[in-house]
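Down below is the structure, laid out as structure tokens.
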Amino acid sequence: MTRRSVFVFNLQRQLIHRKMVSGADWNSSLAVHPYGDVLGIGSFDGKINFFDMELSEKPFKTIRLQEKTIRAVAFHQAYPLFSACCDDGAIHLWHVRVFRDTADHPVIVPLKILRTGHQVAS
């Protein structure tokens, strides 16, 4: 992952397989769905970009949270959940349903915002 893009490598052939361009000013964190087809990328400008590896090099969904920095993003290994943690101490949860069939796009539904009341210090 670089400042504005993510490179996907084929390690057997030692080639760049794909370059994903996020459109964010500065990427901060990366999460890969357990199926391996969907990427979630958080950025310092408060955006979350979702990429479908089979669809395009550009994000199929961009979510603008707020002006705060997104520090971490993660997919749950067993449940269809995605989370993002921000500088203001809030954790945003989404239901992300990824289909094994490549013809269907993933479905992203916001669930809840957990607020801790504590600011994240660098």
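Following the order of the structure tokens, chains are lettered A, B, ..., residues in each are numbered from 1, and ligands are numbered from 1.
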Do you know which residues are at most 12 Å from Thr116 of chain A counting only C-alpha atoms, after dropping those on the same chain fewer than 4 positions away, and could you put them as a short mmCIF file (atom, residue, chain, number, x, y, z; two decimals) with N, CA, C and O atoms, in the first residue's frame?
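What follows is the written file part.cif:
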data_model
loop_
_atom_site.label_atom_id
_atom_site.label_comp_id
_atom_site.auth_asym_id
_atom_site.auth_seq_id
_atom_site.Cartn_x
_atom_site.Cartn_y
_atom_site.Cartn_z
N CYS A 85 -12.29 2.35 12.90
CA CYS A 85 -12.03 3.09 14.13
C CYS A 85 -11.46 4.46 13.77
O CYS A 85 -10.53 4.55 12.97
N CYS A 86 -12.01 5.51 14.39
CA CYS A 86 -11.63 6.88 14.06
C CYS A 86 -10.90 7.54 15.22
O CYS A 86 -10.87 7.03 16.33
N ASP A 87 -10.34 8.72 14.95
CA ASP A 87 -9.60 9.48 15.96
C ASP A 87 -10.47 9.97 17.10
O ASP A 87 -9.98 10.21 18.20
N ASP A 88 -11.76 10.18 16.86
CA ASP A 88 -12.62 10.66 17.93
C ASP A 88 -13.07 9.55 18.87
O ASP A 88 -13.87 9.77 19.77
N GLY A 89 -12.57 8.34 18.68
CA GLY A 89 -12.89 7.21 19.54
C GLY A 89 -14.11 6.44 19.11
O GLY A 89 -14.52 5.50 19.79
N ALA A 90 -14.72 6.80 18.01
CA ALA A 90 -15.92 6.11 17.53
C ALA A 90 -15.53 4.91 16.68
O ALA A 90 -14.55 4.94 15.94
N ILE A 91 -16.31 3.85 16.81
CA ILE A 91 -16.15 2.66 15.99
C ILE A 91 -17.42 2.50 15.17
O ILE A 91 -18.52 2.40 15.71
N HIS A 92 -17.28 2.51 13.86
CA HIS A 92 -18.41 2.39 12.95
C HIS A 92 -18.50 0.93 12.49
O HIS A 92 -17.50 0.35 12.08
N VAL A 120 -8.56 9.61 20.65
CA VAL A 120 -7.39 8.78 20.37
C VAL A 120 -6.18 9.70 20.29
O VAL A 120 -6.16 10.65 19.52
#
Which residues come within 7 Å of segment 74-83 of chain A, counting only C-alpha atoms, excluding same-chain residues fewer than 5 positions away, as a PyMOL selection string? chain A and resi 31-34+91-97
Using only all heavy atoms, please write the residues we just selected to a file, as a CSV table (one decimal), in the first residue's frame.
chain,number,residue,atom,x,y,z
A,31,ALA,N,-7.9,-3.6,4.8
A,31,ALA,CA,-8.5,-4.9,5.3
A,31,ALA,C,-8.9,-5.7,4.1
A,31,ALA,O,-9.4,-5.1,3.1
A,31,ALA,CB,-9.6,-4.6,6.2
A,32,VAL,N,-8.7,-7.0,4.2
A,32,VAL,CA,-9.1,-7.9,3.1
A,32,VAL,C,-10.2,-8.8,3.6
A,32,VAL,O,-10.1,-9.4,4.7
A,32,VAL,CB,-7.9,-8.7,2.6
A,32,VAL,CG1,-8.3,-9.7,1.5
A,32,VAL,CG2,-6.7,-7.8,2.2
A,33,HIS,N,-11.3,-8.9,2.8
A,33,HIS,CA,-12.4,-9.8,3.2
A,33,HIS,C,-11.9,-11.2,3.2
A,33,HIS,O,-11.0,-11.6,2.4
A,33,HIS,CB,-13.5,-9.6,2.2
A,33,HIS,CG,-14.8,-10.3,2.6
A,33,HIS,ND1,-15.0,-11.6,2.3
A,33,HIS,CD2,-15.8,-9.8,3.4
A,33,HIS,CE1,-16.2,-11.9,2.8
A,33,HIS,NE2,-16.7,-10.9,3.5
A,34,PRO,N,-12.4,-12.1,4.1
A,34,PRO,CA,-12.0,-13.5,4.1
A,34,PRO,C,-12.1,-14.2,2.8
A,34,PRO,O,-11.3,-15.1,2.5
A,34,PRO,CB,-12.9,-14.1,5.1
A,34,PRO,CG,-13.3,-13.0,6.0
A,34,PRO,CD,-13.3,-11.8,5.2
A,91,ILE,N,-16.3,3.9,16.8
A,91,ILE,CA,-16.2,2.7,16.0
A,91,ILE,C,-17.4,2.5,15.2
A,91,ILE,O,-18.5,2.4,15.7
A,91,ILE,CB,-15.9,1.4,16.9
A,91,ILE,CG1,-14.6,1.6,17.7
A,91,ILE,CG2,-15.8,0.2,16.0
A,91,ILE,CD1,-14.5,0.6,18.7
A,92,HIS,N,-17.3,2.5,13.9
A,92,HIS,CA,-18.4,2.4,12.9
A,92,HIS,C,-18.5,0.9,12.5
A,92,HIS,O,-17.5,0.3,12.1
A,92,HIS,CB,-18.2,3.3,11.7
A,92,HIS,CG,-18.2,4.7,12.1
A,92,HIS,ND1,-19.3,5.6,11.9
A,92,HIS,CD2,-17.2,5.5,12.6
A,92,HIS,CE1,-19.0,6.8,12.3
A,92,HIS,NE2,-17.7,6.8,12.7
A,93,LEU,N,-19.7,0.4,12.5
A,93,LEU,CA,-19.9,-1.0,12.1
A,93,LEU,C,-20.9,-1.1,10.9
A,93,LEU,O,-21.9,-0.3,10.9
A,93,LEU,CB,-20.5,-1.8,13.3
A,93,LEU,CG,-19.7,-2.0,14.5
A,93,LEU,CD1,-20.5,-2.7,15.6
A,93,LEU,CD2,-18.4,-2.8,14.2
A,94,TRP,N,-20.5,-1.9,10.0
A,94,TRP,CA,-21.4,-2.2,8.8
A,94,TRP,C,-21.6,-3.7,8.6
A,94,TRP,O,-20.7,-4.5,8.9
A,94,TRP,CB,-20.7,-1.7,7.5
A,94,TRP,CG,-20.6,-0.2,7.4
A,94,TRP,CD1,-21.6,0.6,6.9
A,94,TRP,CD2,-19.5,0.6,7.8
A,94,TRP,NE1,-21.1,1.9,6.9
A,94,TRP,CE2,-19.9,2.0,7.5
A,94,TRP,CE3,-18.3,0.4,8.4
A,94,TRP,CZ2,-19.0,3.0,7.8
A,94,TRP,CZ3,-17.5,1.4,8.7
A,94,TRP,CH2,-17.9,2.7,8.4
A,95,HIS,N,-22.7,-4.0,8.0
A,95,HIS,CA,-23.0,-5.3,7.6
A,95,HIS,C,-22.6,-5.4,6.1
A,95,HIS,O,-23.1,-4.6,5.3
A,95,HIS,CB,-24.5,-5.7,7.7
A,95,HIS,CG,-24.8,-7.0,7.2
A,95,HIS,ND1,-25.1,-7.3,5.9
A,95,HIS,CD2,-24.9,-8.2,7.9
A,95,HIS,CE1,-25.4,-8.6,5.8
A,95,HIS,NE2,-25.2,-9.2,6.9
A,96,VAL,N,-21.6,-6.2,5.8
A,96,VAL,CA,-21.1,-6.3,4.4
A,96,VAL,C,-21.2,-7.7,4.0
A,96,VAL,O,-20.6,-8.7,4.4
A,96,VAL,CB,-19.6,-5.9,4.3
A,96,VAL,CG1,-19.0,-6.1,2.9
A,96,VAL,CG2,-19.4,-4.5,4.8
A,97,ARG,N,-22.2,-7.9,3.0
A,97,ARG,CA,-22.4,-9.2,2.5
A,97,ARG,C,-21.7,-9.4,1.1
A,97,ARG,O,-22.0,-8.6,0.2
A,97,ARG,CB,-23.9,-9.5,2.4
A,97,ARG,CG,-24.2,-10.8,1.9
A,97,ARG,CD,-25.6,-11.2,2.1
A,97,ARG,NE,-25.8,-12.6,1.6
A,97,ARG,CZ,-26.9,-13.2,1.6
A,97,ARG,NH1,-28.0,-12.6,2.0
A,97,ARG,NH2,-27.0,-14.4,1.1
Contact residues around Glu54 of chain A with only C-alpha atoms at 7 Å, ignoring same-chain residues under 2 positions, as a PyMOL selection string: chain A and resi 37+52+56
How many Å lie between atom CA of Arg64 of chain A and atom CA of Leu111 of chain A, rounded to one decimal?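 Computed distance, atom CA of Arg64 of chain A to atom CA of Leu111 of chain A, equals 15.4 Å.
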Would you list, as number ranges by chain, the residues of segment 6-121 of chain A that end up in strand (DSSP E) under DSSP run on this structure's backbone? A: 6-10, 15-21, 27-32, 38-43, 47-52, 61-64, 70-75, 81-86, 90-97, 107-115
Residues near segment 8-19 of chain A, cut-off 9 Å, only C-alpha atoms, skip fewer than 2 positions along chain, as a list of chain:residue names: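 Answer for this query is A:Met1, A:Ser5, A:Val6, A:Val21, A:Met53, A:Glu57.
Each of A:Leu65, A:Val73, A:Lys47, A:Phe60 was compared to Val107 of chain A using only C-alpha atoms, and A:Phe60 turns out to be the nearest.
Relative to atom CA of Leu114 of chain A, atom CA of Gly46 of chain A is found at 16.5 Å.
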Which value, in Å to one decimal, gives the distance between atom CA of Asp45 of chain A and atom CA of Ile70 of chain A?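 Computing it gives 7.5 Å between the two atoms.
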A:Ala72, A:Ile63, A:Val38, A:Ala84 ranked by distance to Phe99 of chain A, top pick (using only C-alpha atoms):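 Among A:Ala72, A:Ile63, A:Val38, A:Ala84, it is A:Val38 that comes nearest to Phe99 of chain A.
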Quick one: residues within 8 Å of Phe44 of chain A, only C-alpha atoms counted, chain neighbours fewer than 3 positions away excluded, as an MDAnalysis selection string? chainID A and resid 25:28 47 68:71
